[in-house]
$ cat my_file29.txt   # compact mmCIF, C-alpha atoms
# COMPACT_ATOMS: atom_id res chain seq x y z
CA MET A 22 59.41 103.60 62.62
CA THR A 23 58.80 106.38 65.15
CA ARG A 24 60.81 105.98 68.33
CA LYS A 25 58.82 105.94 71.57
CA THR A 26 59.74 107.13 75.04
CA ALA A 27 57.99 106.79 78.38
CA ALA A 28 58.47 109.89 80.53
CA ILE A 29 57.89 109.35 84.26
CA ASN A 30 57.80 112.81 85.81
CA ASP A 31 55.50 115.35 87.45
CA LEU A 32 53.12 117.68 85.59
CA SER A 33 53.38 121.28 86.79
CA GLY A 34 50.81 123.78 85.56
CA MET A 35 53.28 126.68 85.75
CA GLY A 36 57.04 126.71 85.53
CA ARG A 37 57.72 125.15 82.10
CA CYS A 38 59.38 122.09 83.57
CA SER A 39 59.03 118.33 84.04
CA LEU A 40 56.53 116.70 81.67
CA VAL A 41 55.87 119.98 79.84
CA ALA A 42 59.58 120.11 78.99
CA ASP A 43 59.80 116.38 78.22
CA ILE A 44 56.84 116.37 75.86
CA SER A 45 57.73 119.51 73.93
CA VAL A 46 61.42 118.69 73.51
CA LEU A 47 61.12 115.01 72.62
CA SER A 48 58.20 115.69 70.26
CA ALA A 49 60.27 118.35 68.48
CA MET A 50 63.02 115.76 68.10
CA GLY A 51 60.62 113.40 66.33
CA ILE A 52 60.08 111.06 69.27
CA SER A 53 56.66 109.93 70.49
CA VAL A 54 56.23 110.66 74.21
CA ASN A 55 54.09 108.58 76.57
CA PRO A 56 53.79 110.56 79.82
CA VAL A 57 53.34 109.01 83.26
CA PRO A 58 52.57 111.78 85.82
CA THR A 59 53.97 111.09 89.28
CA ALA A 60 52.24 114.18 90.69
CA VAL A 61 50.06 116.98 89.35
CA LEU A 62 50.90 120.45 90.63
CA THR A 63 49.34 123.85 90.08
CA ALA A 64 52.87 125.19 89.73
CA GLN A 65 56.42 123.98 90.29
CA THR A 66 57.47 123.81 93.91
CA GLU A 67 59.35 127.12 94.10
CA TYR A 68 56.05 128.98 93.69
CA THR A 69 54.47 130.05 96.98
CA GLY A 70 51.24 128.27 97.84
CA TYR A 71 51.34 125.60 95.14
CA TYR A 72 48.96 122.64 95.34
CA SER A 73 50.23 119.12 94.61
CA ARG A 74 48.29 115.90 94.12
CA ASP A 75 50.34 112.75 94.59
CA CYS A 76 49.57 110.25 91.80
CA THR A 77 51.04 107.15 93.46
CA ALA A 78 47.66 105.40 93.55
CA ASP A 79 47.23 105.95 89.79
CA LEU A 80 50.57 104.56 88.70
CA PRO A 81 49.75 100.81 88.77
CA HIS A 82 47.01 101.43 86.21
CA TYR A 83 49.61 102.62 83.70
CA LEU A 84 51.61 99.47 84.25
CA SER A 85 48.68 97.08 83.94
CA HIS A 86 47.02 98.79 80.98
CA TRP A 87 50.19 99.38 78.99
CA SER A 88 51.21 95.77 79.65
CA SER A 89 47.91 94.60 78.18
CA LEU A 90 48.65 96.78 75.12
CA HIS A 91 52.09 95.14 74.75
CA ALA A 92 53.71 98.57 74.79
CA ARG A 93 57.41 98.87 73.96
CA PHE A 94 59.75 101.80 74.43
CA ASP A 95 63.05 102.81 72.88
CA GLY A 96 63.70 105.12 75.79
CA ILE A 97 62.52 105.63 79.35
CA LEU A 98 63.10 108.85 81.27
CA THR A 99 62.54 109.19 85.00
CA GLY A 100 62.47 112.54 86.76
CA TYR A 101 60.66 113.87 89.82
CA LEU A 102 59.30 111.22 92.17
CA ALA A 103 56.92 112.54 94.81
CA ASP A 104 58.23 110.15 97.48
CA SER A 105 60.13 106.90 97.95
CA SER A 106 57.03 104.74 97.47
CA GLN A 107 57.03 105.66 93.77
CA THR A 108 60.41 104.04 93.22
CA SER A 109 58.81 100.60 93.61
CA PHE A 110 56.51 101.46 90.69
CA VAL A 111 59.50 102.57 88.63
CA ARG A 112 61.27 99.29 89.38
CA ASP A 113 58.19 97.33 88.29
CA PHE A 114 57.87 99.51 85.18
CA LEU A 115 61.48 98.85 84.22
CA GLU A 116 61.11 95.13 84.82
CA GLN A 117 58.13 95.09 82.47
CA PHE A 118 59.27 97.47 79.74
CA LYS A 119 63.05 97.90 79.78
CA THR A 120 64.78 95.57 77.34
CA GLY A 121 68.36 95.38 76.13
CA GLU A 122 67.36 97.84 73.39
CA THR A 123 65.87 100.43 75.75
CA THR A 124 67.86 103.46 76.87
CA LEU A 125 67.09 104.45 80.46
CA LEU A 126 67.87 108.02 81.51
CA VAL A 127 67.55 108.73 85.23
CA ASP A 128 67.43 112.33 86.37
CA PRO A 129 67.81 111.87 90.16
CA VAL A 130 65.74 114.87 91.25
CA MET A 131 66.59 115.36 94.92
CA GLY A 132 68.21 118.78 95.39
CA ASP A 133 70.37 121.60 94.06
CA ASP A 134 72.80 124.29 95.26
CA GLY A 135 73.74 122.19 98.29
CA PHE A 136 70.14 121.81 99.51
CA THR A 137 67.59 119.01 99.20
CA TYR A 138 64.08 119.42 97.76
CA ALA A 139 60.83 118.90 99.65
CA ASN A 140 60.47 115.38 98.22
CA PHE A 141 63.80 114.26 99.71
CA SER A 142 64.02 111.60 102.41
CA PRO A 143 66.58 108.97 103.41
CA ASP A 144 64.28 106.34 101.90
CA LEU A 145 64.13 108.20 98.59
CA LEU A 146 67.92 108.47 98.53
CA ARG A 147 68.29 104.75 99.25
CA ASP A 148 65.92 103.83 96.45
CA MET A 149 67.32 106.43 94.06
CA LYS A 150 70.76 104.84 94.42
CA VAL A 151 69.27 101.54 93.24
CA LEU A 152 67.54 103.25 90.32
CA ALA A 153 70.74 105.10 89.41
CA GLU A 154 72.57 101.77 89.15
CA GLN A 155 70.13 100.66 86.45
CA ALA A 156 70.50 103.84 84.41
CA ASP A 157 72.23 103.92 81.04
CA ILE A 158 72.45 107.72 81.35
CA LEU A 159 72.51 109.51 84.70
CA THR A 160 72.16 113.32 84.88
CA PRO A 161 72.80 114.53 88.44
CA ASN A 162 73.73 118.07 89.37
CA THR A 163 76.59 118.40 91.84
CA THR A 164 74.28 118.23 94.88
CA GLU A 165 72.65 115.04 93.62
CA LEU A 166 76.05 113.59 92.74
CA CYS A 167 77.12 114.15 96.34
CA LEU A 168 73.98 112.49 97.68
CA LEU A 169 74.36 109.47 95.41
CA THR A 170 78.00 108.97 96.38
CA GLY A 171 77.76 109.58 100.11
CA ALA A 172 79.29 113.05 100.28
CA GLU A 173 77.95 116.00 102.25
CA PRO A 174 77.00 118.53 99.52
CA ALA A 175 77.87 121.66 101.49
CA GLU A 176 81.25 120.25 102.50
CA LEU A 177 82.24 119.08 99.03
CA LEU A 178 81.04 122.21 97.27
CA SER A 179 83.07 124.38 99.62
CA SER A 180 86.30 122.62 98.58
CA PRO A 181 88.96 124.66 96.72
CA ALA A 182 88.31 124.83 92.99
CA ALA A 183 91.69 123.25 92.28
CA SER A 184 90.58 119.98 93.87
CA LEU A 185 86.81 120.18 93.49
CA LEU A 186 86.65 119.29 89.80
CA GLU A 187 88.81 116.21 90.37
CA GLN A 188 86.61 115.17 93.29
CA ILE A 189 83.55 115.53 91.09
CA ARG A 190 85.23 113.45 88.38
CA ASP A 191 86.13 110.74 90.88
CA ARG A 192 82.60 110.58 92.26
CA ALA A 193 81.13 110.42 88.76
CA ARG A 194 83.53 107.60 87.87
CA SER A 195 82.42 105.69 90.97
CA LEU A 196 78.90 105.48 89.48
CA LEU A 197 80.08 103.70 86.31
CA ASN A 198 78.84 100.33 87.47
CA LYS A 199 78.09 98.75 84.08
CA PRO A 200 79.36 98.82 80.46
CA GLY A 201 78.03 101.59 78.25
CA LYS A 202 76.91 103.83 81.11
CA THR A 203 77.38 107.59 80.91
CA ILE A 204 77.30 110.13 83.74
CA LEU A 205 76.56 113.76 82.91
CA VAL A 206 77.15 116.09 85.86
CA THR A 207 75.21 119.26 85.08
CA GLY A 208 75.45 122.90 86.04
CA LEU A 209 79.14 123.20 86.98
CA SER A 210 79.93 126.87 87.43
CA GLY A 211 82.09 129.33 89.29
CA GLU A 212 85.85 128.79 89.30
CA LEU A 213 85.40 125.26 87.97
CA CYS A 214 84.68 126.72 84.54
CA ASN A 215 87.18 129.35 83.44
CA HIS A 216 86.06 132.67 82.03
CA SER A 217 86.15 133.38 78.31
CA ALA A 218 89.40 134.35 76.64
CA ASP A 219 88.85 138.05 77.30
CA GLY A 220 87.99 137.34 80.93
CA THR A 221 84.52 138.88 80.76
CA GLN A 222 82.15 135.96 80.22
CA PRO A 223 81.79 133.27 82.90
CA ASN A 224 80.95 129.76 81.79
CA ILE A 225 78.75 126.94 82.96
CA GLY A 226 79.79 123.38 82.28
CA ASN A 227 78.51 119.85 81.92
CA LEU A 228 80.96 117.06 82.70
CA LEU A 229 80.60 113.83 80.72
CA VAL A 230 82.18 110.68 82.15
CA ASN A 231 81.99 107.21 80.64
CA SER A 232 84.25 104.26 79.87
CA GLU A 233 85.58 106.04 76.78
CA GLY A 234 86.87 109.01 78.76
CA GLU A 235 85.78 112.43 79.95
CA ALA A 236 84.84 115.77 78.46
CA LEU A 237 83.90 119.11 80.00
CA TYR A 238 81.54 121.10 77.77
CA LEU A 239 81.42 124.85 78.48
CA PHE A 240 78.72 127.36 77.63
CA PRO A 241 78.16 131.05 78.44
CA HIS A 242 76.71 131.51 81.92
CA GLU A 243 74.29 134.31 82.72
CA LYS A 244 73.01 135.07 86.18
CA GLY A 245 69.79 133.36 87.12
CA HIS A 246 68.51 129.99 88.24
CA PHE A 247 65.54 129.21 86.02
CA SER A 248 62.97 126.49 86.56
CA GLY A 249 63.07 123.48 84.26
CA THR A 250 66.55 123.74 82.75
CA GLY A 251 67.54 120.33 84.12
CA ASP A 252 64.40 118.76 82.67
CA LEU A 253 65.07 120.32 79.27
CA PHE A 254 68.69 119.14 79.34
CA ALA A 255 67.76 115.56 80.25
CA ALA A 256 65.09 115.37 77.52
CA ILE A 257 67.48 116.68 74.85
CA VAL A 258 70.17 114.21 75.93
CA LEU A 259 67.80 111.25 75.68
CA GLY A 260 66.37 112.48 72.40
CA GLY A 261 69.78 113.06 70.89
CA ARG A 262 71.01 109.61 71.77
CA LEU A 263 67.83 107.95 70.51
CA ASN A 264 68.32 109.84 67.25
CA GLY A 265 71.84 108.46 66.92
CA TRP A 266 73.71 111.67 67.71
CA SER A 267 77.25 111.56 69.06
CA TRP A 268 77.82 112.58 72.65
CA ALA A 269 79.54 115.76 71.53
CA ARG A 270 76.64 116.78 69.29
CA THR A 271 74.10 115.86 71.95
CA VAL A 272 75.65 117.82 74.82
CA ARG A 273 76.58 120.82 72.67
CA THR A 274 73.07 121.02 71.26
CA ALA A 275 71.57 120.86 74.74
CA GLY A 276 73.93 123.53 76.05
CA ASN A 277 73.40 125.88 73.10
CA PHE A 278 69.63 125.44 73.31
CA LEU A 279 69.58 126.30 77.01
CA SER A 280 71.98 129.23 76.55
CA ALA A 281 69.71 130.71 73.88
CA GLY A 282 66.62 130.30 76.06
CA VAL A 283 68.26 131.75 79.16
CA HIS A 284 69.63 134.76 77.24
CA ASP A 285 66.20 135.42 75.75
CA SER A 286 64.52 135.12 79.15
CA ILE A 287 66.89 137.54 80.87
CA ALA A 288 66.49 140.06 78.05
CA ALA A 289 62.70 139.75 78.31
CA GLY A 290 62.65 139.99 82.11
CA THR A 291 61.04 136.55 82.47
CA SER A 292 60.61 135.38 86.06
CA PHE A 293 63.04 132.66 87.14
CA LEU A 294 60.02 130.78 88.46
CA ASP A 295 58.41 130.65 85.02
CA GLY A 296 61.27 128.84 83.31
CA ILE A 297 63.09 129.88 80.16
CA ASN A 298 61.65 131.12 76.89
CA TYR A 299 62.64 128.02 74.96
CA GLU A 300 59.69 127.47 72.62
CA LYS A 301 61.02 129.58 69.74
CA TYR A 302 64.31 127.64 69.85
CA LEU A 303 62.80 124.17 69.42
CA PRO A 304 63.84 124.13 65.73
CA MET A 305 67.45 123.92 67.00
CA LEU A 306 66.61 120.37 68.04
CA MET A 307 65.38 119.23 64.64
CA PRO A 308 68.01 120.34 62.09
CA ASP A 309 67.68 117.19 60.03
CA ILE A 310 63.94 117.76 59.66
CA CYS A 311 64.32 121.45 58.90
CA SER A 312 66.96 120.78 56.23
CA ASP A 313 64.42 118.72 54.27
CA ILE A 314 61.91 121.59 54.13
CA ARG A 315 62.18 123.72 51.01

$ encode --input "my_file29.txt" --output "structure tokens"
Amino acid sequence: MTRKTAAINDLSGMGRCSLVADISVLSAMGISVNPVPTAVLTAQTEYTGYYSRDCTADLPHYLSHWSSLHARFDGILTGYLADSSQTSFVRDFLEQFKTGETTLLVDPVMGDDGFTYANFSPDLLRDMKVLAEQADILTPNTTELCLLTGAEPAELLSSPAASLLEQIRDRARSLLNKPGKTILVTGLSGELCNHSADGTQPNIGNLLVNSEGEALYLFPHEKGHFSGTGDLFAAIVLGGRLNGWSWARTVRTAGNFLSAGVHDSIAAGTSFLDGINYEKYLPMLMPDICSDIR
């Protein structure tokens, strides 16, 4: 039986992020995607002059209609929420559709690089903390980790590298509020992730923390902050786990996929705003399918 996922996220016309990333990645991984747009944008929010239509008023129709269809989901992914009022819809959605067999991945989209996004508010943070508690998988970057755990991002991120990684670990551990939960802190870079053996290639890392232990997964880091990489990472993580992959396989596949797309994009001179050239690498996400093709 085909696995099904609900993806609650925005739809950006340009930027190769959010629902565009969710749909393409999860579909490539053999998972049926049911999108719920929280906002429709002409382009992702780093583009100058973008237009955004808040879809809050439309969301209850998804809940009522899908309930009447007796929909069920193996996975639920939540990403960008336009404002705090949408968290009440997400709570209702989870109450209706999340069962003990459903994997909930929460990507707490609130900020990056020590700064908050335009959608951020104290109310959104309050409600996002509640949503994060319900998550089976939580994928914050370091800024979002700080926000969720009551730290000032700029202050924590300016800490010496020798103590910063341990502080990040401690804060991730503090979010393990229920059995089976996994925290993946994304985009660790700089001195936190040592250079390659020859000292020439910096790394970027993803820190996994759960009740079984911790692991820091390192990948080559090239300069550039591309749109949509967090969305792609979260979708691959959910897809990998729904497909029964180990955590090591899941995170390594996500990291290698993003590294390939970033390298390709830099070589091609792709704008950071436009996201990475990932489409040609989607077969990396379906090795089991490809191996059956002769």

$ residues_around --input "my_file29.txt" --residues "Gln117 (chain A)" --least-positions-apart "2" --cutoff "10 Å" --atoms "only C-alpha atoms" --output "NGL selection string"
:A and (84-85 or 87-88 or 91-93 or 111-115 or 119-120)

$ write_last_selection --input "my_file29.txt" --atoms "C-alpha atoms" --output "PDB file, keeping the file's coordinate frame"
ATOM      1  CA  LEU A  84      51.610  99.470  84.250  1.00  0.00           C
ATOM      2  CA  SER A  85      48.680  97.080  83.940  1.00  0.00           C
ATOM      3  CA  TRP A  87      50.190  99.380  78.990  1.00  0.00           C
ATOM      4  CA  SER A  88      51.210  95.770  79.650  1.00  0.00           C
ATOM      5  CA  HIS A  91      52.090  95.140  74.750  1.00  0.00           C
ATOM      6  CA  ALA A  92      53.710  98.570  74.790  1.00  0.00           C
ATOM      7  CA  ARG A  93      57.410  98.870  73.960  1.00  0.00           C
ATOM      8  CA  VAL A 111      59.500 102.570  88.630  1.00  0.00           C
ATOM      9  CA  ARG A 112      61.270  99.290  89.380  1.00  0.00           C
ATOM     10  CA  ASP A 113      58.190  97.330  88.290  1.00  0.00           C
ATOM     11  CA  PHE A 114      57.870  99.510  85.180  1.00  0.00           C
ATOM     12  CA  LEU A 115      61.480  98.850  84.220  1.00  0.00           C
ATOM     13  CA  LYS A 119      63.050  97.900  79.780  1.00  0.00           C
ATOM     14  CA  THR A 120      64.780  95.570  77.340  1.00  0.00           C
TER      15      THR A 120
END

$ closest_residue --input "my_file29.txt" --among "A:Leu126, A:Ala27, A:Leu205, A:Leu146" --to "Thr163 (chain A)" --atoms "all atoms listed in the file"
A:Leu205

$ axis_aligned_box --input "my_file29.txt" --around "region 230-244 of chain A" --padding-each-side "4 Å" --output "AutoDock Vina command-line options"
--center_x 79.9 --center_y 119.7 --center_z 81.5 --size_x 21.9 --size_y 38.8 --size_z 17.4

$ closest_residue --input "my_file29.txt" --among "A:Glu235, A:Asp295, A:Asp252, A:Asp75" --to "Thr160 (chain A)" --atoms "only C-alpha atoms"
A:Asp252

$ atom_distance --input "my_file29.txt" --atom1 "CA of Asp134 (chain A)" --atom2 "CA of Ile29 (chain A)"
23.8 Å

$ residues_around --input "my_file29.txt" --residues "Thr207 (chain A)" --least-positions-apart "3" --cutoff "8 Å" --atoms "all atoms listed in the file" --output "list in words"
Thr160, Pro161, Asn162, Thr163, Gly226, Asn227, Leu228 and Gly251 of chain A

$ residues_near_point --input "my_file29.txt" --point "(85.4, 107.3, 90.2)" --cutoff "12 Å" --atoms "all atoms listed in the file" --output "ChimeraX atom specification"
/A:166,170,187-198,204,230-232,234-235

$ atom_distance --input "my_file29.txt" --atom1 "CA of Ala60 (chain A)" --atom2 "CA of Asn30 (chain A)"
7.5 Å

$ residues_around --input "my_file29.txt" --residues "Gly132 (chain A)" --least-positions-apart "3" --cutoff "8 Å" --atoms "only C-alpha atoms" --output "PyMOL selection string"
chain A and resi 135-138+141+164-165
